[in-house]
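Asker: My structure file coords_31.txt, compact mmCIF, C-alpha atoms, is below:
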```txt
# COMPACT_ATOMS: atom_id res chain seq x y z
CA MET A 1 44.74 16.01 -144.35
CA GLY A 2 45.13 19.75 -144.04
CA ALA A 3 48.54 19.56 -145.65
CA ALA A 4 48.83 21.49 -148.86
CA ASN A 5 51.81 20.85 -151.02
CA THR A 6 53.76 22.89 -153.44
CA ASN A 7 56.33 21.58 -155.79
CA GLY A 8 59.25 23.63 -157.00
CA ALA A 9 59.48 21.34 -160.00
CA GLY A 10 56.02 22.36 -161.10
CA ALA A 11 56.74 26.04 -160.94
CA GLU A 12 57.00 28.13 -164.06
CA ASP A 13 60.72 28.35 -163.59
CA SER A 14 61.38 24.64 -164.25
CA PRO A 15 64.45 25.41 -166.35
CA TRP A 16 64.58 21.97 -167.89
CA ALA A 17 61.15 22.14 -169.54
CA PRO A 18 62.12 24.44 -172.46
CA ILE A 19 65.16 22.30 -173.18
CA ILE A 20 63.01 19.19 -173.60
CA HIS A 21 60.31 21.10 -175.45
CA ASP A 22 62.84 22.42 -177.94
CA VAL A 23 64.00 18.89 -178.77
CA LEU A 24 60.41 17.67 -179.12
CA VAL A 25 59.65 20.49 -181.57
CA ARG A 26 62.78 19.86 -183.61
CA ALA A 27 62.03 16.12 -183.67
CA ASP A 28 58.55 16.92 -185.04
CA VAL A 29 56.73 15.18 -182.19
CA ARG A 30 53.01 15.69 -182.80
CA GLN A 31 51.20 13.72 -180.09
CA VAL A 32 52.00 14.42 -176.44
CA SER A 33 50.17 12.23 -173.96
CA TYR A 34 50.37 12.54 -170.21
CA VAL A 35 48.99 11.67 -166.84
CA PRO A 36 49.38 14.93 -164.95
CA ASP A 37 52.41 15.24 -162.72
CA ALA A 38 53.43 18.37 -160.85
CA GLY A 39 56.94 18.04 -162.21
CA HIS A 40 55.70 18.08 -165.80
CA THR A 41 53.42 21.12 -165.33
CA ARG A 42 55.45 23.60 -167.34
CA LEU A 43 56.34 21.16 -170.11
CA ILE A 44 52.68 20.12 -170.49
CA ARG A 45 51.66 23.77 -170.74
CA MET A 46 54.35 24.51 -173.32
CA CYS A 47 53.17 21.56 -175.41
CA GLU A 48 49.54 22.68 -175.12
CA GLU A 49 50.60 26.05 -176.48
CA THR A 50 52.49 24.55 -179.42
CA GLY A 51 50.34 24.58 -182.54
CA THR A 52 51.88 21.48 -184.09
CA MET A 53 51.34 19.36 -180.98
CA ARG A 54 48.20 17.56 -179.86
CA THR A 55 48.12 16.96 -176.11
CA VAL A 56 46.17 13.95 -174.86
CA VAL A 57 45.34 13.64 -171.17
CA LEU A 58 45.13 9.98 -170.12
CA THR A 59 43.29 8.15 -167.37
CA THR A 60 46.24 5.77 -166.93
CA GLU A 61 49.73 5.73 -168.36
CA GLU A 62 49.35 2.51 -170.35
CA GLU A 63 46.92 4.33 -172.62
CA GLY A 64 49.84 6.48 -173.72
CA VAL A 65 51.91 3.48 -174.75
CA ALA A 66 49.13 2.30 -177.07
CA LEU A 67 48.60 5.86 -178.31
CA SER A 68 52.30 6.17 -179.18
CA ALA A 69 52.14 2.93 -181.17
CA GLY A 70 49.05 4.15 -182.99
CA ALA A 71 50.65 7.50 -183.75
CA TRP A 72 53.61 5.74 -185.34
CA LEU A 73 51.33 3.43 -187.33
CA GLY A 74 49.64 6.56 -188.63
CA GLY A 75 52.92 8.28 -189.47
CA GLN A 76 53.38 10.62 -186.52
CA ARG A 77 55.79 10.78 -183.60
CA ALA A 78 54.57 10.76 -180.02
CA VAL A 79 55.93 11.19 -176.51
CA LEU A 80 54.50 10.06 -173.17
CA LEU A 81 55.03 12.27 -170.12
CA MET A 82 54.59 10.53 -166.79
CA GLN A 83 55.76 10.14 -163.23
CA SER A 84 57.75 7.09 -162.13
CA SER A 85 54.71 5.67 -160.33
CA GLY A 86 53.00 5.33 -163.69
CA VAL A 87 55.68 3.13 -165.22
CA GLY A 88 54.35 0.03 -163.50
CA ASN A 89 50.95 0.67 -165.06
CA CYS A 90 52.51 0.33 -168.51
CA VAL A 91 54.29 -3.00 -168.24
CA ASN A 92 52.11 -5.32 -170.34
CA MET A 93 51.29 -2.57 -172.82
CA PHE A 94 55.00 -2.36 -173.67
CA SER A 95 54.50 -5.64 -175.56
CA ILE A 96 53.02 -3.65 -178.46
CA ILE A 97 56.23 -1.62 -178.70
CA ALA A 98 58.46 -4.70 -178.43
CA ASN A 99 56.51 -6.76 -180.96
CA CYS A 100 56.21 -3.98 -183.51
CA ARG A 101 59.77 -2.70 -183.09
CA ALA A 102 58.12 0.72 -182.96
CA PRO A 103 59.80 3.88 -181.70
CA PHE A 104 58.81 4.85 -178.19
CA LEU A 105 59.87 7.90 -176.20
CA THR A 106 58.86 8.76 -172.66
CA ILE A 107 59.99 11.47 -170.24
CA VAL A 108 59.71 10.33 -166.64
CA THR A 109 59.83 12.53 -163.56
CA MET A 110 61.23 10.46 -160.71
CA ARG A 111 59.65 10.11 -157.30
CA GLY A 112 60.63 7.88 -154.42
CA GLU A 113 64.21 9.05 -154.16
CA TYR A 114 66.21 12.04 -152.83
CA HIS A 115 64.37 13.60 -149.89
CA GLU A 116 61.19 11.67 -150.68
CA PHE A 117 58.63 12.43 -148.01
CA ASN A 118 55.97 9.94 -149.11
CA PRO A 119 56.91 6.28 -148.62
CA TRP A 120 54.16 5.22 -151.02
CA GLN A 121 56.24 6.63 -153.89
CA VAL A 122 59.27 4.55 -153.01
CA PRO A 123 58.38 1.01 -154.17
CA MET A 124 57.63 1.95 -157.79
CA GLY A 125 60.23 4.72 -157.87
CA SER A 126 62.87 2.21 -156.81
CA ALA A 127 61.76 -0.30 -159.46
CA THR A 128 61.27 2.12 -162.34
CA GLU A 129 64.50 1.39 -164.19
CA GLN A 130 64.13 -2.38 -163.78
CA ALA A 131 60.50 -2.23 -164.97
CA PHE A 132 61.56 -0.45 -168.14
CA GLU A 133 64.56 -2.63 -168.77
CA MET A 134 62.77 -5.93 -168.25
CA MET A 135 60.34 -4.88 -171.01
CA GLY A 136 63.04 -3.76 -173.42
CA VAL A 137 62.88 0.00 -172.84
CA ARG A 138 66.32 1.59 -172.52
CA THR A 139 66.71 4.16 -169.77
CA ILE A 140 68.79 7.32 -169.81
CA ARG A 141 69.17 9.08 -166.45
CA VAL A 142 69.93 12.79 -166.57
CA ASN A 143 72.13 13.89 -163.70
CA THR A 144 72.71 17.58 -164.42
CA LEU A 145 70.93 20.33 -166.31
CA ASP A 146 74.08 20.82 -168.42
CA GLU A 147 73.79 17.38 -170.00
CA LEU A 148 70.02 17.45 -170.48
CA GLY A 149 69.89 18.93 -173.98
CA ASP A 150 72.44 16.49 -175.35
CA LEU A 151 70.85 13.45 -173.69
CA MET A 152 67.34 14.47 -174.72
CA ALA A 153 68.44 14.94 -178.33
CA SER A 154 70.11 11.54 -178.19
CA ALA A 155 66.97 9.93 -176.74
CA ALA A 156 64.79 11.37 -179.53
CA ALA A 157 67.26 10.34 -182.23
CA MET A 158 67.58 6.79 -180.93
CA ALA A 159 63.81 6.46 -180.63
CA PHE A 160 62.68 7.92 -183.93
CA ASN A 161 65.66 7.28 -186.16
CA GLY A 162 66.81 4.05 -184.54
CA ASP A 163 63.42 2.44 -183.77
CA GLN A 164 64.29 2.11 -180.10
CA ALA A 165 62.18 2.37 -176.97
CA ILE A 166 63.76 5.03 -174.77
CA ALA A 167 62.88 6.45 -171.37
CA LEU A 168 64.55 9.67 -170.25
CA LEU A 169 64.57 9.76 -166.46
CA LEU A 170 64.59 13.10 -164.67
CA PRO A 171 65.76 12.46 -161.10
CA GLN A 172 64.13 14.17 -158.18
CA ARG A 173 67.46 15.77 -157.32
CA LEU A 174 67.46 17.51 -160.70
CA LEU A 175 63.80 18.56 -160.48
CA GLY A 176 63.88 19.65 -156.86
CA ALA A 177 62.29 17.56 -154.16
CA LYS A 178 58.58 18.04 -153.64
CA LYS A 179 57.97 20.49 -150.80
CA TRP A 180 55.19 19.75 -148.32
CA VAL A 181 53.75 22.69 -146.43
CA LYS A 182 51.41 22.30 -143.46
CA MET B 1 27.69 -22.11 -174.08
CA GLY B 2 24.85 -20.25 -175.60
CA GLU B 3 22.42 -20.03 -172.68
CA VAL B 4 22.55 -16.57 -171.10
CA THR B 5 24.58 -14.28 -173.34
CA ASN B 6 24.19 -10.71 -172.23
CA ALA B 7 22.06 -9.81 -169.29
CA ALA B 8 21.69 -6.24 -170.55
CA ALA B 9 20.74 -7.18 -174.09
CA PRO B 10 21.05 -10.79 -175.21
CA GLY B 11 22.78 -10.82 -178.58
CA THR B 12 21.37 -12.49 -181.64
CA LEU B 13 23.86 -11.47 -184.31
CA HIS B 14 26.61 -13.75 -185.55
CA ARG B 15 30.03 -12.16 -185.20
CA ARG B 16 31.53 -13.25 -188.53
CA ASP B 17 28.51 -12.05 -190.47
CA ALA B 18 28.37 -8.79 -188.55
CA VAL B 19 32.06 -7.95 -189.08
CA ALA B 20 31.86 -8.87 -192.76
CA ARG B 21 28.89 -6.54 -193.16
CA LEU B 22 30.63 -3.70 -191.30
CA LEU B 23 33.70 -4.01 -193.56
CA GLU B 24 31.75 -4.16 -196.83
CA ASP B 25 33.07 -1.69 -199.42
CA ARG B 26 35.60 -0.56 -196.87
CA GLY B 27 37.16 2.05 -199.10
CA ASP B 28 39.84 3.97 -197.23
CA LEU B 29 38.90 2.58 -193.80
CA LEU B 30 41.81 1.79 -191.46
CA VAL B 31 41.17 -0.98 -188.92
CA VAL B 32 42.72 -1.95 -185.59
CA THR B 33 41.54 -5.15 -183.93
CA GLY B 34 41.49 -6.20 -180.30
CA LEU B 35 43.12 -9.49 -179.39
CA GLY B 36 41.23 -12.76 -179.71
CA SER B 37 38.13 -13.30 -181.78
CA PRO B 38 37.80 -9.74 -183.17
CA THR B 39 41.25 -10.22 -184.76
CA TYR B 40 40.09 -13.51 -186.28
CA ASP B 41 36.73 -12.10 -187.39
CA THR B 42 38.38 -9.17 -189.15
CA PHE B 43 40.95 -11.38 -190.86
CA ALA B 44 38.17 -13.78 -191.93
CA ALA B 45 36.36 -10.85 -193.56
CA GLY B 46 39.42 -10.35 -195.80
CA ASP B 47 43.02 -9.46 -195.08
CA HIS B 48 44.00 -5.90 -195.94
CA PRO B 49 47.18 -3.83 -195.50
CA GLY B 50 45.05 -1.25 -193.71
CA ASN B 51 44.35 -3.80 -190.97
CA PHE B 52 46.48 -3.83 -187.84
CA TYR B 53 45.80 -6.93 -185.77
CA LEU B 54 46.58 -6.96 -182.08
CA TRP B 55 47.39 -10.34 -180.55
CA GLY B 56 48.04 -8.94 -177.09
CA ALA B 57 48.36 -5.56 -175.34
CA MET B 58 44.89 -6.17 -173.91
CA GLY B 59 43.04 -2.93 -173.29
CA GLY B 60 45.10 -1.06 -175.89
CA ALA B 61 43.07 -1.38 -179.08
CA ALA B 62 40.99 1.79 -178.69
CA MET B 63 44.01 3.93 -177.80
CA THR B 64 45.98 2.51 -180.73
CA GLY B 65 43.04 3.56 -182.87
CA LEU B 66 43.09 7.04 -181.36
CA GLY B 67 46.78 7.45 -182.21
CA ILE B 68 46.07 6.50 -185.81
CA ALA B 69 42.96 8.67 -186.00
CA LEU B 70 44.83 11.76 -184.78
CA ALA B 71 47.68 11.10 -187.19
CA GLN B 72 45.36 10.45 -190.16
CA PRO B 73 42.44 12.85 -189.70
CA GLU B 74 41.29 12.42 -193.31
CA ARG B 75 40.92 8.64 -193.02
CA PRO B 76 38.10 6.87 -191.19
CA VAL B 77 39.50 4.60 -188.47
CA ALA B 78 37.64 1.69 -186.90
CA VAL B 79 38.67 -0.24 -183.83
CA ILE B 80 37.03 -3.67 -183.77
CA THR B 81 37.29 -5.26 -180.36
CA GLY B 82 35.46 -7.39 -177.82
CA ASP B 83 33.66 -6.58 -174.60
CA GLY B 84 36.42 -8.03 -172.41
CA GLU B 85 39.17 -6.11 -174.20
CA GLN B 86 37.26 -2.84 -173.96
CA LEU B 87 36.45 -3.44 -170.30
CA MET B 88 40.19 -3.63 -169.58
CA GLY B 89 40.61 -0.23 -171.24
CA LEU B 90 37.41 1.42 -170.06
CA GLY B 91 39.24 4.65 -169.24
CA ALA B 92 40.21 4.92 -172.90
CA LEU B 93 36.58 5.65 -173.74
CA ALA B 94 36.79 8.71 -171.48
CA THR B 95 40.10 9.75 -173.04
CA ILE B 96 38.64 9.40 -176.54
CA ALA B 97 35.48 11.29 -175.57
CA VAL B 98 37.67 14.20 -174.43
CA GLN B 99 39.72 14.19 -177.66
CA LYS B 100 36.63 14.07 -179.90
CA PRO B 101 38.24 12.55 -183.01
CA ALA B 102 35.59 12.84 -185.73
CA ASN B 103 37.09 9.98 -187.74
CA LEU B 104 37.26 7.28 -185.03
CA SER B 105 34.74 4.52 -184.33
CA ILE B 106 35.03 1.85 -181.65
CA VAL B 107 33.10 -1.29 -182.54
CA VAL B 108 32.58 -3.53 -179.52
CA LEU B 109 31.52 -7.06 -180.39
CA ASP B 110 29.66 -7.83 -177.18
CA ASN B 111 28.79 -11.43 -176.36
CA GLY B 112 28.99 -10.92 -172.62
CA HIS B 113 31.75 -13.47 -172.28
CA TYR B 114 35.50 -13.97 -172.38
CA GLY B 115 35.49 -16.25 -175.39
CA GLU B 116 39.22 -16.83 -175.64
CA THR B 117 39.73 -18.01 -172.08
CA GLY B 118 36.98 -20.53 -171.48
CA GLY B 119 33.77 -18.59 -171.85
CA GLN B 120 33.60 -16.93 -168.45
CA LEU B 121 30.89 -14.33 -167.99
CA SER B 122 32.20 -10.79 -168.51
CA HIS B 123 31.03 -7.65 -166.78
CA SER B 124 28.85 -6.81 -169.75
CA GLY B 125 27.31 -10.27 -169.50
CA ALA B 126 26.66 -9.55 -165.84
CA GLY B 127 24.81 -6.35 -166.64
CA VAL B 128 27.34 -3.58 -167.32
CA ASP B 129 26.02 -1.92 -170.46
CA LEU B 130 28.95 -0.66 -172.55
CA ALA B 131 26.67 1.49 -174.72
CA GLN B 132 25.48 3.30 -171.60
CA VAL B 133 29.06 3.64 -170.38
CA ALA B 134 29.99 5.23 -173.71
CA ARG B 135 27.09 7.65 -173.45
CA ALA B 136 27.96 8.50 -169.86
CA VAL B 137 31.56 9.46 -170.66
CA GLY B 138 30.38 11.70 -173.48
CA ILE B 139 30.96 9.74 -176.68
CA ALA B 140 29.16 11.82 -179.30
CA GLU B 141 27.34 9.03 -181.09
CA VAL B 142 26.51 5.61 -179.69
CA LEU B 143 24.87 2.93 -181.79
CA ASP B 144 23.37 -0.14 -180.17
CA VAL B 145 23.24 -2.77 -182.88
CA LYS B 146 20.87 -5.57 -181.98
CA ALA B 147 19.46 -6.75 -185.29
CA ALA B 148 20.83 -7.52 -188.72
CA GLY B 149 18.79 -4.63 -190.05
CA ASP B 150 20.90 -2.21 -187.99
CA LEU B 151 24.18 -3.25 -189.60
CA ALA B 152 23.86 -1.18 -192.77
CA ALA B 153 23.52 2.01 -190.73
CA ALA B 154 26.45 0.94 -188.55
CA ARG B 155 28.58 0.27 -191.63
CA ASN B 156 27.80 3.73 -192.95
CA ALA B 157 28.56 5.29 -189.56
CA LEU B 158 32.13 3.94 -189.79
CA HIS B 159 32.64 6.10 -192.87
CA ALA B 160 30.62 9.18 -191.91
CA LYS B 161 32.44 12.10 -190.39
CA GLY B 162 30.25 13.11 -187.51
CA ALA B 163 30.51 15.47 -184.61
CA GLY B 164 32.88 13.25 -182.72
CA PRO B 165 33.85 9.69 -181.94
CA LYS B 166 31.39 6.83 -182.23
CA VAL B 167 30.96 3.70 -180.17
CA ILE B 168 29.06 0.92 -181.89
CA VAL B 169 28.08 -1.94 -179.60
CA VAL B 170 27.13 -5.02 -181.61
CA ARG B 171 25.18 -7.54 -179.56
CA ILE B 172 26.41 -10.91 -180.76
CA VAL B 173 25.66 -14.52 -179.90
CA ASN B 174 28.13 -16.22 -177.59
CA GLU B 175 29.34 -18.87 -180.01
CA GLU B 176 32.45 -20.67 -181.12
CA THR B 177 33.75 -19.92 -184.59
CA SER B 178 36.45 -21.54 -186.67
CA ARG B 179 39.91 -20.05 -186.22
CA ALA B 180 41.06 -17.61 -188.88
CA LEU B 181 44.53 -16.56 -187.88
CA PRO B 182 46.48 -13.66 -189.41
CA THR B 183 50.22 -13.40 -188.93
CA ARG B 184 51.39 -12.68 -185.39
CA ASP B 185 54.42 -10.71 -186.59
CA GLY B 186 53.84 -7.23 -185.21
CA GLY B 187 56.85 -5.77 -186.99
CA TYR B 188 55.56 -6.99 -190.33
CA LEU B 189 52.03 -5.75 -189.64
CA LYS B 190 53.37 -2.33 -188.60
CA ASP B 191 55.53 -1.97 -191.71
CA ARG B 192 52.69 -3.16 -193.95
CA PHE B 193 50.25 -0.71 -192.38
CA ARG B 194 52.68 2.19 -192.67
CA ALA B 195 53.55 1.28 -196.25
CA HIS B 196 49.83 1.33 -197.04
CA LEU B 197 49.85 4.95 -195.85
CA GLY B 198 52.94 5.74 -197.90
CA PHE B 199 55.63 5.48 -195.23
CA VAL B 200 58.58 3.33 -196.21
CA PRO B 201 60.52 1.28 -193.63
CA GLN B 202 63.45 3.29 -192.34
```
Could you write out this file's structure as structure tokens?
Answerer:
Amino acid sequence: MGAANTNGAGAEDSPWAPIIHDVLVRADVRQVSYVPDAGHTRLIRMCEETGTMRTVVLTTEEEGVALSAGAWLGGQRAVLLMQSSGVGNCVNMFSIIANCRAPFLTIVTMRGEYHEFNPWQVPMGSATEQAFEMMGVRTIRVNTLDELGDLMASAAAMAFNGDQAIALLLPQRLLGAKKWVK
Amino acid sequence: MGEVTNAAAPGTLHRRDAVARLLEDRGDLLVVTGLGSPTYDTFAAGDHPGNFYLWGAMGGAAMTGLGIALAQPERPVAVITGDGEQLMGLGALATIAVQKPANLSIVVLDNGHYGETGGQLSHSGAGVDLAQVARAVGIAEVLDVKAAGDLAAARNALHAKGAGPKVIVVRIVNEETSRALPTRDGGYLKDRFRAHLGFVPQ
């Protein structure tokens, strides 16, 4: 293509990453699975550098749903980091969470909205909330950095103390739209 | 039924016998089963609070096992699943190879067919060799169990802490067995499994 891309959200200055990481540490989350996403770059790195956390790179997002269920069965807490395009890959696997009434927490970087350049991100990005909700996963959309810490703490508490399935959605407007450079 | 079983390696072992042998003297083994016959085979070998039976979430058995294995590094963990279920989660073998859990074994009961859905030929029946796939992605130890005499070593491998994860492909006959159905209540099975590990329902 000849078009490189950079993503402000993936830069080391993603100010939201330490806020989420802090909640994950305090919630004693031990298994952090992910399919790489530029937006999650800093958070993934912070988790890799956290001694109490095991990071697990996945080939597809649904693996992380099953991993989270297994972690809980074994007595640990897990989180799945993914991009909105990956949510559709998870749909049937959510049946393990629903049937077991197991905690589930995922942090989703949104694509397909707000200055989206790539139309291929739009179909799944537009259906992300419905895909979660039709499978019993509650969604929490973060609109400003100011409310992130409170909403993230609430998401972790509802998941791990309330046995709920919770997706925290980080909108593209909050992350910064992906920048494409020729 | 029963003509061609597995083009790569026609199976001769009987699934109920093989699973019962693998779970002999199971000690502190934790077990996750893939949906369909592996769930029934494992239940038929004897119910146990350290068994977690999947009735769905196809493709998720191995990753559920990985989550348990990482959380319980001192306990041996066995996933017992079928060729069709593992084929749906083939990428999980790569993920597990990268994580290298020393206490995790994936047992694939391979009859080359989708037994639960009418006996259609599976990819392994058509020549995809799951043992070779496991080797190719870097699984540390791969056992290809073709004869009853291999089962004792396979049983011991489930309990041995090796260099990394194991994949044990058990070549079984494509045959019908009587139904042996554990409860389908996932919430109950989860709470029972966690209680077995000392975690009380919250």
Asker: Based on only C-alpha atoms, which of the residues in chain B come within 7 Å of chain A? I want them as a ChimeraX atom specification.
Answerer: /B:57,60,63-68,71-72,91-92,95,186-187,190,193-194,199
Asker: If you measure from CA of Ala94 in chain B to CA of Val137 in chain B, what distance in Å do you get, rounded to one decimal?
Answerer: 5.3 Å
Asker: Would you mind listing what lies within 8 Å of Arg192 in chain B as a PDB file with C-alpha atoms, keeping the file's coordinate frame, with all atoms listed in the file counted and same-chain residues fewer than 4 positions away left out?
Answerer:
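Output file out_25.pdb is given in full below:
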```
ATOM      1  CA  PRO B  49      47.180  -3.830-195.500  1.00  0.00           C
ATOM      2  CA  GLY B  50      45.050  -1.250-193.710  1.00  0.00           C
ATOM      3  CA  TYR B 188      55.560  -6.990-190.330  1.00  0.00           C
ATOM      4  CA  HIS B 196      49.830   1.330-197.040  1.00  0.00           C
TER       5      HIS B 196
END
```
Asker: Suppose you want the space between CA of Gly59 in chain B and CA of Leu87 in chain B; what is it in Å?
Answerer: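 CA of Leu87 in chain B lies 7.3 Å from CA of Gly59 in chain B.
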Asker: What lies within 7 Å of Ile168 in chain B using only C-alpha atoms, ignoring chain neighbours under 3 positions off, as a PyMOL selection string?
Answerer: chain B and resi 106-108+142-145
Asker: So how many Å separate CA of Ile80 in chain B and CA of Val19 in chain B, to one decimal?
Answerer: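 It comes out at 8.4 Å.
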Asker: In terms of the shortest atom-to-atom distance over only C-alpha atoms, which of A:Leu80, A:Leu168, A:Leu43, A:Ile107 is closest to Asp22 in chain A?
Answerer: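 Of A:Leu80, A:Leu168, A:Leu43, A:Ile107, the one nearest Asp22 in chain A, counting only C-alpha atoms, is A:Leu43.
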Asker: With all atoms listed in the file as the counted atoms, please give the residues lying no more than 10 Å from Gly86 in chain A, apart from itself and same-chain residues fewer than 4 positions off, as a ChimeraX atom specification.
Answerer: /A:35,37,60-62,81-82,90-91,108-109,124-125,128
Asker: Between B:Ile96, B:Ala147, B:Leu130, B:Ala180, single out the one closest to Pro165 in chain B, counting all atoms listed in the file.
Answerer: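 Closest candidate: B:Ile96.
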Asker: With 10 Å as the threshold, what does the neighbourhood of (21.4, 7.3, -187.9) contain in terms of residues, counting all atoms listed in the file? Coordinates are those of the file; answer as a list in words.
Answerer: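 Checked against the point, the hits come out as Glu141, Val142, Leu143, Asp150, Ala153, Ala154, Asn156 and Ala157 of chain B.
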Asker: Up to 10 Å from (32.8, -7.4, -185.2) in the file's coordinates: name the residues, counting all atoms listed in the file, as number ranges by chain.
Answerer: B: 13-23, 33, 37-42, 45, 79-82, 107-110, 168-172
Asker: Give me the residues within 12 Å of Met158 in chain A as a list in words, counting all atoms listed in the file and dropping any in the same chain fewer than 3 places off.
Answerer: Ala27, Ala102, Pro103, Phe104, Leu105, Val137, Arg138, Thr139, Ile140, Leu151, Met152, Ala153, Ser154, Ala155, Asn161, Gly162, Asp163, Gln164, Ala165, Ile166, Ala167 and Leu168 of chain A
Asker: From the options B:Ala140, B:Leu181, B:Leu151, B:Ala163, which residue's atoms come nearest to Leu35 in chain B, counting all atoms listed in the file?
Answerer: B:Leu181
Asker: Counting all atoms listed in the file, figure out which residue out of B:Gly36, B:Pro182, B:Gly162, B:Gly11 gets nearest to Lys100 in chain B.
Answerer: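 Nearest to Lys100 in chain B: B:Gly162.
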